[in-house]
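In what follows, a structure is listed as structure tokens, so that the remarks can point back to it.
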Amino acid sequence: MTDNNFVLTISDLRFKYADRYRRSSFELVVDEFAPKPSVCTAVMGENGSGKTTLGKLVAGILRPASGCIFYNGVDISDLKLGEIGRQVGYLFQEPSRQIFASKPLDEIAFPLELRGIDKEEARTRAKKLLDEFELSHIINNTTFTLSRGEKQRLAIAAAMIVNPKYFVLDEPTTGLDKQRRKILAKTLKKMQENGMGILLISHDMEFVEAMEAEIRTMKGGRLLDANKS
Amino acid sequence: MQTRVKPDPRVIFALVFGTSSFAIIIREDVVAVLGLLVLTLTFAMMLGVKLGRLFKRLKRLWQVLILVTLLRSFFAPSGIVLLALWDVPLLTTGGLAIGLLVSLRLIIFIIGASMFTVYPARGLIQAMVQMKMPYEIAYMVSIGLRFVPLFAEQLRDSLTALQLRGVVIEELKLRKRLSIYTYLLLPAIVSGLQQAKELAMSMEMRAFRAMPKRTSYFKLHFSKWDALMLFGVVALCAVIGYAVFNYNFYEVIMMEILEVYY
Ligand SMILES: Nc1ncnc2c1ncn2[C@@H]1O[C@H](COP(=O)(O)OP(=O)(O)O)[C@@H](O)[C@H]1O
Ligand SMILES: [Mg+2]
């Protein structure tokens, strides 16, 4: 039993992309979504069904047209993205999208420095984290030349530095080999045991099973009923 | 058969070239520039430019107006002093006129540029190519156009990622906030360039520049209707040119007003 205490709830959520060029008819509608805090929830579904959109809404990157998202009962619509980031971590579907520094160490240390942590201390913590994620060997590379899998691991490591209470991962296993997937599942499970909630967006059935996740299916912008999926 | 509503892009090239040239040529005649502005705006509306977005873009220009007016009034005072601190003029009619003139000119440029947005990029490139511009240059322009949104997107994502690591940008001191932008700028440029490089590579793979001239199925056809409109644009420019060089509209209108009064 884990002492997981982060509760995510969504009610009457509606979202549409403000599309300047094409009239996209996509609309995300989630009347009610309250994943169990103690288990990992996996959102599956075909391409374009709205999984990424849902993940971005949960992490506050996109803001709903109507409806509410609550963290532990607190409506997040008034929270700044930075304040959300102190509670919820997010892994972009495309890892290079979220890597902003040219050095792996800076990628992890810079946000800490901005939050007022001493430069030396931030770098020490960043080094330790890179070590944990077996990324020490790329410490002197530039981030642009990393392989996709390495970028992925760096992005996950970087998101972990703030100790999020909830972690949204958008297709985290893309670009990882079998061994790495196993390691990632182990890492995530360990963090889950330490009290972190997980929303996993994935196609990877094997990985979803390894995470012992409760599966929800998305289709055409809607979450299907839990028993049907 | 598709009904033609928009003229050939080349007509718009001529129109924008004409209006922006006059915007630069006309000096010290606020009324004439204002007339030119109304004319340009009318054309933009006829083309179906989205006015809401245009006005949003123009909203920032009032800062230019204030800045130029103040600088002009202070450093090169002319006309009647409207506001002064002791002996130093802060606001003069001359300064205000120049400030207005510069802002109006910028507005005309921006409206002119907005007219191109109603065409797909492919049509504009083809127009440049068919106007005998080397196609490498035409394609460079189009890739450049594509690079800017890529770059902006990367920068936006970087900022999002940073905030999701618990950095509340709104709470940071100005100096730290600026350091973020200098820090993120270089990686964003590199990643934008990387994507542009991939694009270039894929173009080379498809034998871009293998032949001295690139042919295209897509051709713009200059119809009689287009020719008529081009003629109209040229004639209009001639009329404006004649008027601008022969009258000072500001004076003419002032005379009219004075005559009414006396
Ligand atoms: N920025 C955007 N602007 C407009 N439409 C978008 C945007 N991003 C995604 N979409 C559309 O929204 C739908 C859902 O996309 P997404 O959430 O990325 O699906 P998934 O992650 O399940 O593959 C798709 O039809 C996609 O085309
Ligand atoms: Mg997706």
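Just remember, in the structure tokens the first chain shown is A, the second B, etc., residues are 1-based per chain, and ligands are 1-based in the order shown.
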
Chain B residues near chain A within 10 Å, closest pair each, using only C-alpha atoms, as a Markdown table:
```
| residue | atom | partner | partner_atom | distance |
| --- | --- | --- | --- | --- |
| B:Glu153 | CA | A:Arg97 | CA | 9.0 |
| B:Gln154 | CA | A:Arg97 | CA | 6.6 |
| B:Leu155 | CA | A:Phe100 | CA | 8.3 |
| B:Arg156 | CA | A:Arg97 | CA | 9.4 |
| B:Asp157 | CA | A:Arg97 | CA | 6.1 |
| B:Ser158 | CA | A:Phe100 | CA | 5.2 |
| B:Leu159 | CA | A:Phe100 | CA | 8.2 |
| B:Thr160 | CA | A:Ile61 | CA | 7.2 |
| B:Ala161 | CA | A:Gln98 | CA | 5.2 |
| B:Leu162 | CA | A:Pro111 | CA | 6.5 |
| B:Gln163 | CA | A:Gly82 | CA | 4.3 |
| B:Leu164 | CA | A:Gly85 | CA | 3.8 |
| B:Arg165 | CA | A:Gly85 | CA | 5.2 |
| B:Gly166 | CA | A:Gly85 | CA | 4.2 |
| B:Val167 | CA | A:Gly82 | CA | 4.8 |
| B:Val168 | CA | A:Gly82 | CA | 4.0 |
| B:Ile169 | CA | A:Gly82 | CA | 6.8 |
| B:Glu170 | CA | A:Lys80 | CA | 8.2 |
| B:Glu171 | CA | A:Gly82 | CA | 9.4 |
| B:Leu172 | CA | A:Leu114 | CA | 7.9 |
| B:Lys173 | CA | A:Leu114 | CA | 9.9 |
| B:Lys176 | CA | A:Leu114 | CA | 7.2 |
| B:Arg177 | CA | A:Leu114 | CA | 8.8 |
| B:Ser179 | CA | A:Leu114 | CA | 9.4 |
| B:Ile180 | CA | A:Leu114 | CA | 8.7 |
| B:Tyr183 | CA | A:Ala101 | CA | 7.5 |
| B:Leu184 | CA | A:Phe100 | CA | 6.1 |
| B:Leu185 | CA | A:Phe100 | CA | 8.9 |
| B:Leu186 | CA | A:Ser102 | CA | 8.2 |
| B:Pro187 | CA | A:Ser102 | CA | 5.9 |
| B:Ala188 | CA | A:Phe100 | CA | 7.1 |
| B:Val190 | CA | A:Phe144 | CA | 8.1 |
| B:Ser191 | CA | A:Phe144 | CA | 7.3 |
| B:Gln194 | CA | A:Phe144 | CA | 8.7 |
```

| said: Which residues are near B:Leu70? Cut-off 7 Å, only C-alpha atoms, ignore same chain within fewer than 5 positions. Put them as a list of chain:residue names. | reply: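 Once the adjacent positions are removed, what remains is B:Leu90, B:Leu91, B:Gly95.
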
| Where in stretch 138-191 of chain A does DSSP assign helix (DSSP H, G or I), given as a ChimeraX atom specification? | /A:138,143-145,148-160,178-191

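Shell of stretch 71-86 of chain B at 12 Å, with only C-alpha atoms counted and residues fewer than 2 places along the chain excluded, is Val64, Leu65, Ile66, Leu67, Val68, Thr69, Val88, Pro89, Leu90, Leu91, Thr92, Thr93, Gly94, Gly95, Leu96, Ala97, Ile98, Gly99, Leu100, Leu101 and Val102 of chain B.
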
Write out the residues from the selection above, keeping all heavy atoms, as a short mmCIF file (atom, residue, chain, number, x, y, z; two decimals), in the first residue's frame.
```cif
data_model
loop_
_atom_site.label_atom_id
_atom_site.label_comp_id
_atom_site.auth_asym_id
_atom_site.auth_seq_id
_atom_site.Cartn_x
_atom_site.Cartn_y
_atom_site.Cartn_z
N VAL B 64 5.28 53.69 -30.67
CA VAL B 64 6.14 54.36 -31.65
C VAL B 64 5.71 55.82 -31.76
O VAL B 64 6.54 56.72 -31.77
CB VAL B 64 6.02 53.67 -33.03
CG1 VAL B 64 6.81 54.43 -34.08
CG2 VAL B 64 6.47 52.24 -32.94
N LEU B 65 4.40 56.03 -31.83
CA LEU B 65 3.88 57.39 -31.96
C LEU B 65 4.39 58.27 -30.81
O LEU B 65 4.94 59.35 -31.03
CB LEU B 65 2.34 57.35 -31.95
CG LEU B 65 1.65 58.70 -31.91
CD1 LEU B 65 1.89 59.46 -33.19
CD2 LEU B 65 0.15 58.54 -31.68
N ILE B 66 4.25 57.78 -29.59
CA ILE B 66 4.66 58.58 -28.43
C ILE B 66 6.16 58.82 -28.46
O ILE B 66 6.64 59.95 -28.29
CB ILE B 66 4.26 57.86 -27.13
CG1 ILE B 66 2.74 57.87 -27.01
CG2 ILE B 66 4.90 58.53 -25.92
CD1 ILE B 66 2.22 57.08 -25.84
N LEU B 67 6.92 57.75 -28.71
CA LEU B 67 8.37 57.86 -28.67
C LEU B 67 8.88 58.87 -29.70
O LEU B 67 9.63 59.79 -29.37
CB LEU B 67 8.99 56.49 -28.94
CG LEU B 67 10.48 56.41 -28.66
CD1 LEU B 67 10.72 56.46 -27.16
CD2 LEU B 67 11.08 55.14 -29.25
N VAL B 68 8.44 58.70 -30.96
CA VAL B 68 8.93 59.59 -32.01
C VAL B 68 8.50 61.02 -31.73
O VAL B 68 9.29 61.97 -31.87
CB VAL B 68 8.40 59.13 -33.40
CG1 VAL B 68 8.79 60.14 -34.47
CG2 VAL B 68 8.94 57.77 -33.74
N THR B 69 7.24 61.20 -31.30
CA THR B 69 6.75 62.55 -31.01
C THR B 69 7.61 63.22 -29.94
O THR B 69 8.06 64.36 -30.10
CB THR B 69 5.29 62.48 -30.53
OG1 THR B 69 4.52 61.82 -31.53
CG2 THR B 69 4.73 63.86 -30.29
N VAL B 88 12.36 73.95 -21.68
CA VAL B 88 12.58 72.81 -22.57
C VAL B 88 11.25 72.34 -23.16
O VAL B 88 10.34 71.96 -22.41
CB VAL B 88 13.23 71.64 -21.79
CG1 VAL B 88 13.56 70.50 -22.73
CG2 VAL B 88 14.48 72.12 -21.06
N PRO B 89 11.11 72.37 -24.48
CA PRO B 89 9.86 71.93 -25.08
C PRO B 89 9.72 70.41 -24.97
O PRO B 89 10.65 69.67 -25.27
CB PRO B 89 9.99 72.35 -26.55
CG PRO B 89 11.45 72.48 -26.79
CD PRO B 89 12.09 72.83 -25.48
N LEU B 90 8.58 69.95 -24.52
CA LEU B 90 8.35 68.51 -24.42
C LEU B 90 7.44 68.02 -25.55
O LEU B 90 7.56 66.91 -26.02
CB LEU B 90 7.71 68.16 -23.08
CG LEU B 90 8.61 68.30 -21.87
CD1 LEU B 90 7.87 67.88 -20.61
CD2 LEU B 90 9.88 67.48 -22.03
N LEU B 91 6.52 68.88 -25.95
CA LEU B 91 5.57 68.49 -26.99
C LEU B 91 5.33 69.68 -27.91
O LEU B 91 4.92 70.74 -27.46
CB LEU B 91 4.26 68.03 -26.34
CG LEU B 91 3.22 67.43 -27.28
CD1 LEU B 91 3.72 66.13 -27.85
CD2 LEU B 91 1.91 67.20 -26.54
N THR B 92 5.64 69.48 -29.20
CA THR B 92 5.41 70.55 -30.16
C THR B 92 4.53 70.03 -31.29
O THR B 92 4.46 68.81 -31.52
CB THR B 92 6.74 71.05 -30.77
OG1 THR B 92 7.30 69.99 -31.54
CG2 THR B 92 7.71 71.49 -29.70
N THR B 93 3.86 70.93 -31.99
CA THR B 93 3.01 70.48 -33.11
C THR B 93 3.87 69.83 -34.19
O THR B 93 3.46 68.86 -34.82
CB THR B 93 2.23 71.66 -33.71
OG1 THR B 93 3.14 72.71 -34.00
CG2 THR B 93 1.15 72.14 -32.77
N GLY B 94 5.07 70.36 -34.41
CA GLY B 94 5.97 69.76 -35.40
C GLY B 94 6.31 68.33 -35.04
O GLY B 94 6.27 67.43 -35.88
N GLY B 95 6.62 68.12 -33.76
CA GLY B 95 6.96 66.77 -33.30
C GLY B 95 5.80 65.82 -33.45
O GLY B 95 5.94 64.69 -33.91
N LEU B 96 4.61 66.33 -33.10
CA LEU B 96 3.40 65.51 -33.20
C LEU B 96 3.15 65.10 -34.65
O LEU B 96 2.81 63.96 -34.95
CB LEU B 96 2.21 66.31 -32.66
CG LEU B 96 0.97 65.52 -32.31
CD1 LEU B 96 1.28 64.48 -31.25
CD2 LEU B 96 -0.13 66.45 -31.82
N ALA B 97 3.36 66.08 -35.57
CA ALA B 97 3.15 65.79 -36.99
C ALA B 97 4.09 64.69 -37.46
O ALA B 97 3.68 63.75 -38.15
CB ALA B 97 3.34 67.05 -37.82
N ILE B 98 5.37 64.79 -37.09
CA ILE B 98 6.34 63.78 -37.51
C ILE B 98 5.99 62.42 -36.90
O ILE B 98 6.02 61.38 -37.56
CB ILE B 98 7.78 64.17 -37.10
CG1 ILE B 98 8.21 65.47 -37.79
CG2 ILE B 98 8.76 63.05 -37.43
CD1 ILE B 98 8.60 65.33 -39.22
N GLY B 99 5.65 62.44 -35.61
CA GLY B 99 5.28 61.20 -34.94
C GLY B 99 4.13 60.52 -35.65
O GLY B 99 4.15 59.32 -35.91
N LEU B 100 3.12 61.32 -36.00
CA LEU B 100 1.96 60.79 -36.70
C LEU B 100 2.35 60.23 -38.06
O LEU B 100 1.91 59.15 -38.47
CB LEU B 100 0.94 61.91 -36.90
CG LEU B 100 -0.32 61.73 -36.08
CD1 LEU B 100 -0.80 63.07 -35.58
CD2 LEU B 100 -1.39 61.07 -36.90
N LEU B 101 3.20 60.99 -38.74
CA LEU B 101 3.62 60.61 -40.09
C LEU B 101 4.33 59.25 -40.06
O LEU B 101 4.03 58.35 -40.85
CB LEU B 101 4.57 61.69 -40.62
CG LEU B 101 4.57 61.93 -42.11
CD1 LEU B 101 3.18 62.31 -42.59
CD2 LEU B 101 5.54 63.05 -42.43
N VAL B 102 5.28 59.11 -39.12
CA VAL B 102 6.04 57.86 -39.02
C VAL B 102 5.09 56.70 -38.70
O VAL B 102 5.16 55.63 -39.32
CB VAL B 102 7.14 57.97 -37.94
CG1 VAL B 102 7.77 56.61 -37.68
CG2 VAL B 102 8.19 58.97 -38.38
#
```

| said: Distance limit 10 Å, reference ligand 2, atoms considered: only C-alpha atoms and all ligand atoms. Which residues make the cut? Give them as a PyMOL selection string. | reply: chain A and resi 44-56+92-94+170-171+201-203

| task | Quick one: pull the distance between atom CA of A:Arg14 and atom CA of A:Val29, Å, one decimal. | result |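 We find that atom CA of A:Arg14 and atom CA of A:Val29 lie 4.8 Å from each other.
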
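Proximity to ligand 1 was assessed for A:Thr124, A:Ser24, A:Thr142, A:Thr9 counting only C-alpha atoms and all ligand atoms; the smallest distance is recorded for A:Ser24.
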
| query | What is the atom CA of B:Gly241-atom CA of B:Leu36 distance in Å, reported with one decimal? | reply | 11.2 Å

| What is the atom CA of B:Ala121-atom 12 (O, counted along the ligand's line) of ligand 1 distance in Å, reported with one decimal? |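 Distance between the two atoms: 23.6 Å.
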
May I have all residues of stretch 71-234 of chain B that DSSP, computed from the backbone, assigns to strand (DSSP E or B), given as a PDB file with N, CA and C atoms, in the first residue's frame?
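This is the output file part.pdb:
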```
ATOM      1  N   VAL B  81       4.822  75.230 -29.450  1.00  0.00           N
ATOM      2  CA  VAL B  81       5.091  74.428 -28.259  1.00  0.00           C
ATOM      3  C   VAL B  81       3.785  74.212 -27.493  1.00  0.00           C
ATOM      4  N   LEU B  82       3.410  72.953 -27.310  1.00  0.00           N
ATOM      5  CA  LEU B  82       2.171  72.640 -26.601  1.00  0.00           C
ATOM      6  C   LEU B  82       2.421  72.385 -25.128  1.00  0.00           C
ATOM      7  N   LEU B  83       3.603  71.858 -24.832  1.00  0.00           N
ATOM      8  CA  LEU B  83       3.911  71.490 -23.460  1.00  0.00           C
ATOM      9  C   LEU B  83       5.400  71.716 -23.240  1.00  0.00           C
ATOM     10  N   ALA B  84       5.736  72.388 -22.141  1.00  0.00           N
ATOM     11  CA  ALA B  84       7.145  72.652 -21.895  1.00  0.00           C
ATOM     12  C   ALA B  84       7.441  72.554 -20.411  1.00  0.00           C
ATOM     13  N   LEU B  85       8.647  72.126 -20.109  1.00  0.00           N
ATOM     14  CA  LEU B  85       9.093  72.094 -18.723  1.00  0.00           C
ATOM     15  C   LEU B  85      10.136  73.210 -18.613  1.00  0.00           C
ATOM     16  N   VAL B  88      12.356  73.955 -21.681  1.00  0.00           N
ATOM     17  CA  VAL B  88      12.583  72.806 -22.573  1.00  0.00           C
ATOM     18  C   VAL B  88      11.251  72.335 -23.156  1.00  0.00           C
ATOM     19  N   PRO B  89      11.110  72.374 -24.480  1.00  0.00           N
ATOM     20  CA  PRO B  89       9.855  71.930 -25.082  1.00  0.00           C
ATOM     21  C   PRO B  89       9.717  70.407 -24.974  1.00  0.00           C
ATOM     22  N   LEU B  90       8.581  69.949 -24.516  1.00  0.00           N
ATOM     23  CA  LEU B  90       8.351  68.506 -24.421  1.00  0.00           C
ATOM     24  C   LEU B  90       7.442  68.017 -25.549  1.00  0.00           C
ATOM     25  N   LEU B  91       6.515  68.876 -25.947  1.00  0.00           N
ATOM     26  CA  LEU B  91       5.573  68.486 -26.989  1.00  0.00           C
ATOM     27  C   LEU B  91       5.334  69.678 -27.910  1.00  0.00           C
ATOM     28  N   THR B  92       5.635  69.478 -29.199  1.00  0.00           N
ATOM     29  CA  THR B  92       5.406  70.551 -30.158  1.00  0.00           C
ATOM     30  C   THR B  92       4.529  70.025 -31.286  1.00  0.00           C
TER      31      THR B  92
END
```

| task | Fewer than 6 positions away in the same chain doesn't count, so skip those; otherwise give me all residues within 7 Å of A:Leu105, counting only C-alpha atoms, as a PyMOL selection string. | result | chain A and resi 123+126-127+139

| Between A:Phe26, A:Phe15, A:Phe133, A:Phe6, which has the minimum distance to ligand 1 (counting only C-alpha atoms and all ligand atoms)? |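 Smallest distance to ligand 1 is found for A:Phe26.
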
So that I can check the surroundings of A:Asp204, please list as an mmCIF file with N, CA and C atoms, in the first residue's frame every protein, DNA and RNA residue that reaches within 12 Å of it, counting only C-alpha atoms and ignoring chain neighbours fewer than 2 positions away.
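New file part_22.cif:
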```cif
data_model
loop_
_atom_site.group_PDB
_atom_site.id
_atom_site.type_symbol
_atom_site.label_atom_id
_atom_site.label_comp_id
_atom_site.auth_asym_id
_atom_site.auth_seq_id
_atom_site.Cartn_x
_atom_site.Cartn_y
_atom_site.Cartn_z
ATOM 1 N N ALA A 42 -3.396 4.376 -17.310
ATOM 2 C CA ALA A 42 -2.888 4.437 -18.673
ATOM 3 C C ALA A 42 -4.006 4.871 -19.616
ATOM 4 N N VAL A 43 -3.715 5.889 -20.454
ATOM 5 C CA VAL A 43 -4.679 6.297 -21.463
ATOM 6 C C VAL A 43 -4.193 5.765 -22.794
ATOM 7 N N MET A 44 -5.025 4.932 -23.416
ATOM 8 C CA MET A 44 -4.660 4.363 -24.713
ATOM 9 C C MET A 44 -5.660 4.839 -25.755
ATOM 10 N N GLY A 45 -5.384 4.532 -27.000
ATOM 11 C CA GLY A 45 -6.297 4.968 -28.049
ATOM 12 C C GLY A 45 -5.540 5.282 -29.311
ATOM 13 N N GLU A 46 -6.298 5.326 -30.405
ATOM 14 C CA GLU A 46 -5.626 5.489 -31.688
ATOM 15 C C GLU A 46 -5.075 6.907 -31.859
ATOM 16 N N ASP A 170 3.823 11.341 -21.847
ATOM 17 C CA ASP A 170 3.215 11.145 -23.160
ATOM 18 C C ASP A 170 4.116 10.240 -23.996
ATOM 19 N N GLU A 171 3.696 9.020 -24.181
ATOM 20 C CA GLU A 171 4.433 8.007 -24.943
ATOM 21 C C GLU A 171 5.909 7.934 -24.555
ATOM 22 N N PRO A 172 6.173 7.566 -23.295
ATOM 23 C CA PRO A 172 7.560 7.617 -22.814
ATOM 24 C C PRO A 172 8.464 6.542 -23.389
ATOM 25 N N THR A 173 7.903 5.478 -23.978
ATOM 26 C CA THR A 173 8.781 4.381 -24.403
ATOM 27 C C THR A 173 9.229 4.493 -25.856
ATOM 28 N N THR A 174 8.697 5.479 -26.578
ATOM 29 C CA THR A 174 9.125 5.648 -27.966
ATOM 30 C C THR A 174 10.627 5.926 -27.988
ATOM 31 N N GLY A 175 11.351 5.158 -28.779
ATOM 32 C CA GLY A 175 12.783 5.399 -28.908
ATOM 33 C C GLY A 175 13.624 4.723 -27.846
ATOM 34 N N LEU A 176 12.977 3.985 -26.944
ATOM 35 C CA LEU A 176 13.756 3.250 -25.936
ATOM 36 C C LEU A 176 13.828 1.777 -26.333
ATOM 37 N N LYS A 178 14.368 -2.365 -25.466
ATOM 38 C CA LYS A 178 13.651 -3.217 -24.528
ATOM 39 C C LYS A 178 14.205 -3.113 -23.097
ATOM 40 N N ARG A 181 13.260 0.140 -21.523
ATOM 41 C CA ARG A 181 11.850 0.165 -21.129
ATOM 42 C C ARG A 181 11.671 -0.497 -19.772
ATOM 43 N N ALA A 185 10.288 1.304 -16.443
ATOM 44 C CA ALA A 185 9.145 0.805 -15.675
ATOM 45 C C ALA A 185 9.532 0.642 -14.208
ATOM 46 N N LEU A 200 -0.203 7.743 -17.587
ATOM 47 C CA LEU A 200 0.656 7.243 -18.650
ATOM 48 C C LEU A 200 -0.110 7.221 -19.967
ATOM 49 N N ILE A 201 0.418 7.918 -20.950
ATOM 50 C CA ILE A 201 -0.192 7.880 -22.274
ATOM 51 C C ILE A 201 0.693 6.982 -23.121
ATOM 52 N N SER A 202 0.154 5.913 -23.647
ATOM 53 C CA SER A 202 1.043 4.965 -24.320
ATOM 54 C C SER A 202 0.304 4.042 -25.276
ATOM 55 N N GLU A 206 2.816 -3.781 -23.614
ATOM 56 C CA GLU A 206 3.725 -4.499 -22.728
ATOM 57 C C GLU A 206 4.131 -3.607 -21.556
ATOM 58 N N PHE A 207 4.428 -2.340 -21.891
ATOM 59 C CA PHE A 207 4.846 -1.389 -20.870
ATOM 60 C C PHE A 207 3.694 -1.084 -19.906
ATOM 61 N N VAL A 208 2.518 -0.915 -20.475
ATOM 62 C CA VAL A 208 1.344 -0.631 -19.656
ATOM 63 C C VAL A 208 1.095 -1.780 -18.681
ATOM 64 N N GLU A 209 1.306 -3.011 -19.150
ATOM 65 C CA GLU A 209 1.127 -4.161 -18.280
ATOM 66 C C GLU A 209 2.198 -4.204 -17.197
ATOM 67 N N ALA A 210 3.430 -3.892 -17.616
ATOM 68 C CA ALA A 210 4.517 -3.875 -16.639
ATOM 69 C C ALA A 210 4.254 -2.846 -15.539
ATOM 70 N N MET A 211 3.566 -1.772 -15.897
ATOM 71 C CA MET A 211 3.245 -0.741 -14.904
ATOM 72 C C MET A 211 2.014 -1.112 -14.078
ATOM 73 N N ALA A 213 -1.019 -0.951 -14.897
ATOM 74 C CA ALA A 213 -1.856 0.240 -14.980
ATOM 75 C C ALA A 213 -3.324 -0.102 -15.183
ATOM 76 N N ILE A 215 -6.392 0.699 -17.315
ATOM 77 C CA ILE A 215 -6.447 1.232 -18.678
ATOM 78 C C ILE A 215 -7.733 2.001 -18.937
#
```
